[in-house]
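As stored in structure_30.cif (mmCIF, C-alpha atoms and all ligand atoms; chains and numbers go by the auth columns):
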```
data_model
loop_
_atom_site.group_PDB
_atom_site.id
_atom_site.type_symbol
_atom_site.label_atom_id
_atom_site.label_comp_id
_atom_site.label_asym_id
_atom_site.label_seq_id
_atom_site.Cartn_x
_atom_site.Cartn_y
_atom_site.Cartn_z
_atom_site.B_iso_or_equiv
_atom_site.auth_seq_id
_atom_site.auth_asym_id
ATOM 1 C CA MET A 1 0.000 0.000 0.000 0.00 1 A
ATOM 2 C CA GLU A 2 1.429 3.334 -1.086 0.00 2 A
ATOM 3 C CA ALA A 3 1.697 5.604 1.915 0.00 3 A
ATOM 4 C CA THR A 4 1.359 9.265 1.197 0.00 4 A
ATOM 5 C CA PHE A 5 0.856 12.026 3.708 0.00 5 A
ATOM 6 C CA GLU A 6 -1.247 14.419 1.674 0.00 6 A
ATOM 7 C CA ASP A 7 -3.842 13.608 4.302 0.00 7 A
ATOM 8 C CA HIS A 8 -2.924 14.119 7.939 0.00 8 A
ATOM 9 C CA CYS A 9 -0.504 11.688 9.525 0.00 9 A
ATOM 10 C CA THR A 10 -2.013 8.650 11.261 0.00 10 A
ATOM 11 C CA ASP A 11 -1.384 8.140 14.953 0.00 11 A
ATOM 12 C CA ASP A 12 0.492 4.914 14.172 0.00 12 A
ATOM 13 C CA ALA A 13 2.787 6.659 11.685 0.00 13 A
ATOM 14 C CA LEU A 14 3.569 9.454 14.149 0.00 14 A
ATOM 15 C CA GLU A 15 4.293 6.912 16.882 0.00 15 A
ATOM 16 C CA LEU A 16 6.559 4.827 14.651 0.00 16 A
ATOM 17 C CA TYR A 17 8.319 8.001 13.517 0.00 17 A
ATOM 18 C CA ALA A 18 8.839 9.096 17.108 0.00 18 A
ATOM 19 C CA LEU A 19 10.253 5.670 17.867 0.00 19 A
ATOM 20 C CA GLY A 20 12.539 5.864 14.810 0.00 20 A
ATOM 21 C CA ARG A 21 10.906 2.795 13.335 0.00 21 A
ATOM 22 C CA LEU A 22 9.145 4.296 10.341 0.00 22 A
ATOM 23 C CA GLY A 23 10.559 3.104 6.993 0.00 23 A
ATOM 24 C CA GLY A 24 12.658 5.445 4.845 0.00 24 A
ATOM 25 C CA LYS A 25 10.070 6.163 2.161 0.00 25 A
ATOM 26 C CA HIS A 26 7.301 6.714 4.703 0.00 26 A
ATOM 27 C CA THR A 27 9.603 8.935 6.739 0.00 27 A
ATOM 28 C CA GLU A 28 10.217 11.211 3.727 0.00 28 A
ATOM 29 C CA ALA A 29 6.500 11.532 3.017 0.00 29 A
ATOM 30 C CA LEU A 30 5.680 12.172 6.689 0.00 30 A
ATOM 31 C CA GLU A 31 8.382 14.831 7.012 0.00 31 A
ATOM 32 C CA GLU A 32 7.142 16.542 3.817 0.00 32 A
ATOM 33 C CA HIS A 33 3.664 16.676 5.322 0.00 33 A
ATOM 34 C CA LEU A 34 4.947 17.962 8.659 0.00 34 A
ATOM 35 C CA LEU A 35 6.637 20.889 6.850 0.00 35 A
ATOM 36 C CA ILE A 36 3.270 22.112 5.707 0.00 36 A
ATOM 37 C CA CYS A 37 0.997 20.976 8.556 0.00 37 A
ATOM 38 C CA GLU A 38 1.065 22.698 11.940 0.00 38 A
ATOM 39 C CA PRO A 39 -1.589 20.410 13.554 0.00 39 A
ATOM 40 C CA CYS A 40 0.451 17.260 12.700 0.00 40 A
ATOM 41 C CA ARG A 41 3.638 18.894 14.075 0.00 41 A
ATOM 42 C CA GLU A 42 1.741 19.495 17.342 0.00 42 A
ATOM 43 C CA ARG A 43 0.515 15.898 17.311 0.00 43 A
ATOM 44 C CA LEU A 44 4.106 14.740 16.775 0.00 44 A
ATOM 45 C CA ASP A 45 5.222 16.800 19.773 0.00 45 A
ATOM 46 C CA GLU A 46 2.520 15.142 21.864 0.00 46 A
ATOM 47 C CA THR A 47 3.544 11.734 20.516 0.00 47 A
ATOM 48 C CA ASP A 48 7.169 12.449 21.399 0.00 48 A
ATOM 49 C CA ILE A 49 6.178 13.309 24.954 0.00 49 A
ATOM 50 C CA PHE A 50 4.098 10.110 25.146 0.00 50 A
ATOM 51 C CA VAL A 51 6.940 7.979 23.749 0.00 51 A
ATOM 52 C CA ARG A 52 9.464 9.461 26.161 0.00 52 A
ATOM 53 C CA ALA A 53 7.088 8.784 29.058 0.00 53 A
ATOM 54 C CA MET A 54 6.615 5.199 27.884 0.00 54 A
ATOM 55 C CA LYS A 55 10.361 4.708 27.533 0.00 55 A
ATOM 56 C CA GLY A 56 10.877 6.089 31.052 0.00 56 A
ATOM 57 C CA ALA A 57 8.219 3.776 32.452 0.00 57 A
ATOM 58 C CA ALA A 58 9.724 0.790 30.650 0.00 58 A
ATOM 59 C CA ALA A 59 13.173 1.661 31.987 0.00 59 A
ATOM 60 C CA ARG A 60 11.849 1.941 35.533 0.00 60 A
ATOM 61 C CA LEU A 61 10.064 -1.405 35.141 0.00 61 A
ATOM 62 C CA ARG A 62 13.277 -3.072 33.909 0.00 62 A
ATOM 63 C CA LEU A 63 15.177 -1.551 36.841 0.00 63 A
ATOM 64 C CA GLU A 64 12.604 -2.841 39.329 0.00 64 A
ATOM 65 C CA GLN A 65 12.744 -6.302 37.772 0.00 65 A
ATOM 66 C CA LYS A 66 16.530 -6.275 38.000 0.00 66 A
ATOM 67 C CA THR A 67 16.342 -5.154 41.625 0.00 67 A
ATOM 68 C CA GLU A 68 13.823 -7.870 42.446 0.00 68 A
ATOM 69 C CA SER A 69 15.824 -10.593 40.789 0.00 69 A
ATOM 70 C CA PHE A 70 18.957 -9.367 42.536 0.00 70 A
ATOM 71 C CA ALA A 71 17.196 -9.547 45.899 0.00 71 A
ATOM 72 C CA ALA A 72 15.918 -13.020 45.018 0.00 72 A
ATOM 73 C CA ARG A 73 19.439 -14.117 44.100 0.00 73 A
ATOM 74 C CA VAL A 74 20.809 -12.777 47.377 0.00 74 A
ATOM 75 C CA ALA A 75 18.083 -14.583 49.301 0.00 75 A
ATOM 76 C CA ARG A 76 18.900 -17.840 47.546 0.00 76 A
ATOM 77 C CA ALA A 77 22.639 -17.369 48.003 0.00 77 A
ATOM 78 C CA PHE A 78 22.288 -16.936 51.732 0.00 78 A
ATOM 79 C CA GLN A 79 19.413 -19.425 52.065 0.00 79 A
ATOM 80 C CA VAL A 80 17.401 -17.024 54.188 0.00 80 A
ATOM 81 C CA PRO A 81 15.303 -19.380 56.334 0.00 81 A
ATOM 82 C CA ALA A 82 11.558 -19.327 55.984 0.00 82 A
ATOM 83 C CA PHE A 83 9.527 -17.764 58.775 0.00 83 A
ATOM 84 C CA PRO A 84 8.471 -21.014 60.501 0.00 84 A
ATOM 85 C CA VAL A 85 12.152 -21.898 61.109 0.00 85 A
ATOM 86 C CA TRP A 86 12.714 -18.578 62.824 0.00 86 A
ATOM 87 C CA ALA A 87 9.510 -19.017 64.771 0.00 87 A
ATOM 88 C CA ALA A 88 10.598 -22.462 65.971 0.00 88 A
ATOM 89 C CA SER A 89 14.018 -21.144 66.963 0.00 89 A
ATOM 90 C CA ALA A 90 12.435 -18.294 68.864 0.00 90 A
ATOM 91 C CA ALA A 91 10.162 -20.757 70.653 0.00 91 A
ATOM 92 C CA CYS A 92 13.189 -22.895 71.612 0.00 92 A
ATOM 93 C CA LEU A 93 14.980 -19.830 72.936 0.00 93 A
ATOM 94 C CA CYS A 94 11.908 -18.924 74.965 0.00 94 A
ATOM 95 C CA ILE A 95 11.729 -22.423 76.455 0.00 95 A
ATOM 96 C CA ILE A 96 15.448 -22.371 77.294 0.00 96 A
ATOM 97 C CA ALA A 97 15.131 -18.911 78.782 0.00 97 A
ATOM 98 C CA VAL A 98 12.155 -19.941 80.898 0.00 98 A
ATOM 99 C CA SER A 99 13.945 -23.129 81.988 0.00 99 A
ATOM 100 C CA ALA A 100 17.050 -21.144 82.914 0.00 100 A
ATOM 101 C CA VAL A 101 14.997 -18.737 84.982 0.00 101 A
ATOM 102 C CA ARG A 102 13.202 -21.595 86.706 0.00 102 A
ATOM 103 C CA LEU A 103 16.494 -23.317 87.519 0.00 103 A
ATOM 104 C CA GLN A 104 17.921 -20.166 89.028 0.00 104 A
ATOM 105 C CA GLN A 105 15.723 -20.394 92.071 0.00 105 A
ATOM 106 C CA PRO A 106 16.348 -17.289 94.115 0.00 106 A
ATOM 107 C CA ALA A 107 16.829 -19.166 97.368 0.00 107 A
ATOM 108 C CA PRO A 108 19.344 -17.418 99.640 0.00 108 A
ATOM 109 C CA ALA A 109 22.653 -19.206 100.098 0.00 109 A
ATOM 110 C CA GLY A 110 22.294 -21.954 102.660 0.00 110 A
ATOM 111 C CA ALA A 111 18.491 -21.878 102.664 0.00 111 A
ATOM 112 C CA SER A 112 16.698 -25.193 102.415 0.00 112 A
ATOM 113 C CA ILE A 113 14.723 -26.074 99.336 0.00 113 A
ATOM 114 C CA ALA A 114 11.549 -28.096 99.583 0.00 114 A
ATOM 115 C CA VAL A 115 11.357 -30.851 96.991 0.00 115 A
ATOM 116 C CA SER A 116 8.500 -33.274 96.386 0.00 116 A
ATOM 117 C CA LEU A 117 9.514 -36.530 94.760 0.00 117 A
ATOM 118 C CA HIS A 118 6.879 -38.614 93.072 0.00 118 A
ATOM 119 C CA ALA A 119 6.940 -42.232 92.115 0.00 119 A
ATOM 120 C CA GLU A 120 6.544 -41.788 88.361 0.00 120 A
ATOM 121 C CA ARG A 121 8.864 -44.214 86.718 0.00 121 A
ATOM 122 C CA GLY A 122 11.817 -42.602 84.931 0.00 122 A
ATOM 123 C CA ALA A 123 11.057 -39.113 86.221 0.00 123 A
ATOM 124 C CA SER A 124 14.038 -37.171 87.492 0.00 124 A
ATOM 125 C CA GLN A 125 13.558 -34.103 89.649 0.00 125 A
ATOM 126 C CA THR A 126 15.911 -31.193 89.089 0.00 126 A
ATOM 127 C CA VAL A 127 16.851 -29.082 92.119 0.00 127 A
ATOM 128 C CA ALA A 128 19.163 -26.144 92.701 0.00 128 A
ATOM 129 C CA ALA A 129 22.654 -27.215 93.729 0.00 129 A
ATOM 130 C CA HIS A 130 24.392 -25.996 96.901 0.00 130 A
ATOM 131 C CA HIS A 131 21.285 -25.942 99.091 0.00 131 A
ATOM 132 C CA PRO A 132 20.117 -28.265 101.879 0.00 132 A
ATOM 133 C CA LEU A 133 17.000 -30.154 100.850 0.00 133 A
ATOM 134 C CA VAL A 134 13.748 -30.864 102.633 0.00 134 A
ATOM 135 C CA LEU A 135 12.350 -33.833 100.768 0.00 135 A
ATOM 136 C CA SER A 136 8.805 -35.091 100.628 0.00 136 A
ATOM 137 C CA LEU A 137 8.828 -38.588 99.200 0.00 137 A
ATOM 138 C CA ASP A 138 5.852 -40.368 97.705 0.00 138 A
ATOM 139 C CA ALA A 139 5.420 -43.514 99.794 0.00 139 A
ATOM 140 C CA ARG A 140 2.038 -44.665 98.528 0.00 140 A
ATOM 141 C CA GLY A 141 1.638 -48.410 98.495 0.00 141 A
ATOM 142 C CA LEU A 142 4.845 -49.181 100.385 0.00 142 A
ATOM 143 C CA SER A 143 3.302 -50.402 103.697 0.00 143 A
ATOM 144 C CA LEU A 144 6.142 -48.853 105.689 0.00 144 A
ATOM 145 C CA GLY A 145 4.782 -49.238 109.213 0.00 145 A
ATOM 146 C CA LYS A 146 6.115 -46.903 111.897 0.00 146 A
ATOM 147 C CA SER A 147 9.560 -46.193 110.501 0.00 147 A
ATOM 148 C CA ALA A 148 11.357 -45.765 107.194 0.00 148 A
ATOM 149 C CA HIS A 149 15.024 -45.566 106.351 0.00 149 A
ATOM 150 C CA ILE A 150 15.891 -42.822 103.837 0.00 150 A
ATOM 151 C CA VAL A 151 19.229 -42.875 102.044 0.00 151 A
ATOM 152 C CA LEU A 152 20.816 -40.288 99.764 0.00 152 A
ATOM 153 C CA VAL A 153 23.430 -41.746 97.429 0.00 153 A
ATOM 154 C CA ASN A 154 25.485 -40.207 94.669 0.00 154 A
ATOM 155 C CA ALA A 155 25.636 -41.449 91.076 0.00 155 A
ATOM 156 C CA GLY A 156 28.323 -43.957 92.085 0.00 156 A
ATOM 157 C CA GLY A 157 26.068 -45.467 94.785 0.00 157 A
ATOM 158 C CA THR A 158 28.043 -44.034 97.740 0.00 158 A
ATOM 159 C CA THR A 159 25.849 -43.136 100.691 0.00 159 A
ATOM 160 C CA LEU A 160 26.009 -39.421 101.490 0.00 160 A
ATOM 161 C CA GLU A 161 23.330 -39.148 104.169 0.00 161 A
ATOM 162 C CA GLN A 162 20.735 -41.360 105.794 0.00 162 A
ATOM 163 C CA ALA A 163 17.996 -40.968 108.330 0.00 163 A
ATOM 164 C CA ASP A 164 15.264 -42.965 110.025 0.00 164 A
ATOM 165 C CA VAL A 165 11.951 -41.150 109.881 0.00 165 A
ATOM 166 C CA ALA A 166 8.305 -41.785 110.723 0.00 166 A
ATOM 167 C CA PRO A 167 6.063 -41.918 107.647 0.00 167 A
ATOM 168 C CA ASP A 168 3.323 -39.276 107.467 0.00 168 A
ATOM 169 C CA ASN A 169 0.342 -40.971 105.858 0.00 169 A
ATOM 170 C CA ASP A 170 1.485 -41.650 102.271 0.00 170 A
ATOM 171 C CA GLN A 171 4.557 -39.429 102.484 0.00 171 A
ATOM 172 C CA VAL A 172 7.967 -39.569 104.053 0.00 172 A
ATOM 173 C CA HIS A 173 9.742 -36.331 104.941 0.00 173 A
ATOM 174 C CA ALA A 174 13.499 -36.111 105.258 0.00 174 A
ATOM 175 C CA ARG A 175 15.883 -33.222 105.713 0.00 175 A
ATOM 176 C CA PHE A 176 19.342 -33.471 104.220 0.00 176 A
ATOM 177 C CA SER A 177 21.641 -30.769 105.541 0.00 177 A
ATOM 178 C CA ARG A 178 24.466 -31.483 103.087 0.00 178 A
ATOM 179 C CA PRO A 179 24.242 -29.038 100.156 0.00 179 A
ATOM 180 C CA LEU A 180 24.514 -30.993 96.941 0.00 180 A
ATOM 181 C CA ASP A 181 27.157 -30.265 94.333 0.00 181 A
ATOM 182 C CA PRO A 182 25.880 -30.341 90.762 0.00 182 A
ATOM 183 C CA GLY A 183 25.344 -33.917 89.665 0.00 183 A
ATOM 184 C CA ASP A 184 22.993 -36.888 89.724 0.00 184 A
ATOM 185 C CA TYR A 185 21.788 -38.451 92.955 0.00 185 A
ATOM 186 C CA PHE A 186 19.304 -41.035 94.156 0.00 186 A
ATOM 187 C CA VAL A 187 17.036 -40.963 97.183 0.00 187 A
ATOM 188 C CA ARG A 188 15.955 -44.393 98.432 0.00 188 A
ATOM 189 C CA ILE A 189 13.211 -45.450 100.760 0.00 189 A
ATOM 190 C CA CYS A 190 14.157 -48.637 102.605 0.00 190 A
ATOM 191 C CA ARG A 191 12.845 -50.618 105.559 0.00 191 A
ATOM 192 C CA PRO A 192 14.979 -50.087 108.659 0.00 192 A
ATOM 193 C CA GLY A 193 17.865 -52.554 108.661 0.00 193 A
ATOM 194 C CA ASP A 194 17.301 -53.549 105.034 0.00 194 A
ATOM 195 C CA ALA A 195 19.631 -52.144 102.385 0.00 195 A
ATOM 196 C CA ASP A 196 17.382 -53.062 99.463 0.00 196 A
ATOM 197 C CA PRO A 197 15.382 -49.989 98.438 0.00 197 A
ATOM 198 C CA LEU A 198 11.608 -50.259 98.278 0.00 198 A
ATOM 199 C CA ARG A 199 11.520 -47.199 96.087 0.00 199 A
ATOM 200 C CA GLU A 200 14.159 -45.017 94.459 0.00 200 A
ATOM 201 C CA PHE A 201 13.919 -41.440 93.174 0.00 201 A
ATOM 202 C CA ALA A 202 16.301 -39.795 90.736 0.00 202 A
ATOM 203 C CA LEU A 203 17.485 -36.308 91.663 0.00 203 A
ATOM 204 C CA ARG A 204 19.594 -33.946 89.587 0.00 204 A
ATOM 205 C CA ALA A 205 21.263 -30.973 91.221 0.00 205 A
ATOM 206 C CA GLN A 206 22.367 -28.158 88.933 0.00 206 A
HETATM 207 ZN ZN ZN B . -1.424 17.122 8.977 0.00 1 B
#
```
Taking this structure as input, can you express it in the form of structure tokens?
Amino acid sequence: MEATFEDHCTDDALELYALGRLGGKHTEALEEHLLICEPCRERLDETDIFVRAMKGAAARLRLEQKTESFAARVARAFQVPAFPVWAASAACLCIIAVSAVRLQQPAPAGASIAVSLHAERGASQTVAAHHPLVLSLDARGLSLGKSAHIVLVNAGGTTLEQADVAPDNDQVHARFSRPLDPGDYFVRICRPGDADPLREFALRAQ
């Protein structure tokens, strides 16, 4: 189709011209028309402004895409953990912090600490080290009679303290004045004169 610009320039032709994409022959015809047509020169000015704005927007878009992909590459390179991992870590830290606070019982130096030991199998009670202990031992079902023999031994089985006490209903109370160094211990309930424990409780001082 022969393109002449005796009529006014089309929007498409002006846009292509502004973009520098109009073919040589069409460019000549368009420029000839522009020489004689003020309205089309004004339309070309408007088209130029539009094209520059579009080019600016396209450039900004490309820049944003580059920035995004750069950020994505950085994230991959450093393997930024997903939120749930952080959340789990934070929860662990909270539990540790709470445990640490609980272990640091603010008992004054030398003050006794009351500890209840229950007969749950495998349960180990943690107590603060370096304090005398007042123990309440679960004696349910032991048929102790009028007297019980309580023994505190260390992890190696060496007896540290022992006492004969009168059971109080289903409990036996014993006071051990020796402050415990950090470590594992066992408290045994025995019948008087019988070394075999009827019940044994694990105790960890720390
Ligand atoms: Zn015109």
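Inspection of the environment of ligand ZN 1 (chain B), which uses all atoms listed in the file and a cut-off of 8 Å, identifies the neighbouring residues as Phe5, Glu6, Asp7, His8, Cys9, His33, Leu34, Ile36, Cys37, Glu38, Pro39, Cys40 and Arg41 of chain A.
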Handout entry: Who sits within 10 Å of Asp11 of chain A, only C-alpha atoms, same chain under 3 positions skipped, as a PyMOL selection string
Key = chain A and resi 8+14-17+40+43-44+47
Go through segment 91-187 of chain A residue by residue and, counting only C-alpha atoms, keep those with an atom at most 9 Å from segment 192-198 of chain A; for each kept residue give the shortest atom pair and its distance in Å to one decimal, ordered by chain and increasing number, as a Markdown table.
```
| residue | atom | partner | partner_atom | distance |
| --- | --- | --- | --- | --- |
| A:Leu142 | CA | A:Leu198 | CA | 7.2 |
| A:Ser147 | CA | A:Pro192 | CA | 6.9 |
| A:Ala148 | CA | A:Pro192 | CA | 5.8 |
| A:His149 | CA | A:Pro192 | CA | 5.1 |
| A:Ile150 | CA | A:Pro192 | CA | 8.8 |
| A:Val151 | CA | A:Pro197 | CA | 8.9 |
| A:Asp164 | CA | A:Pro192 | CA | 7.3 |
```
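With only C-alpha atoms as the atoms that count, the residue of A:Lys25, A:His130, A:Lys146, A:Arg140 with the shortest distance to Pro182 of chain A is A:His130.
In this comparison, which uses only C-alpha atoms, the residue of A:Ile189, A:Leu152, A:Leu137, A:Ala58 approaching Asp170 of chain A most closely is A:Leu137.
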Handout entry: Between atom CA of Leu19 of chain A and atom CA of Val51 of chain A, distance in Å (one decimal)
Key = 7.1 Å
Let me have the centre and edge lengths in Å, one decimal, of the box along x, y and z around every listed atom of segment 162-171 of chain A with 5 Å of margin on each side, as JSON.
```
{"center_x": 10.5, "center_y": -41.1, "center_z": 106.5, "size_x": 30.4, "size_y": 13.7, "size_z": 18.5}
```
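Distance-wise, atom CA of Arg175 of chain A and atom CA of Val134 of chain A end up 4.4 Å apart.
Each of A:Asn154, A:Leu180, A:Ala59, A:Arg199 was checked against Gly141 of chain A using all atoms listed in the file; the smallest atom-to-atom distance is that of A:Arg199.
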Practice task
Evaluate the PyMOL selection byres (((chain A and resi 186) around 8) and not hetatm) here and jot the selected residues down as a PyMOL selection string.
Solution key: chain A and resi 152-155+184-185+187-188+200-203
Problem - Explicit residue set for the PyMOL selection byres (((chain A and resi 116) around 7) and not hetatm), as an MDAnalysis selection string - result: chainID A and resid 114:115 117:118 135:137
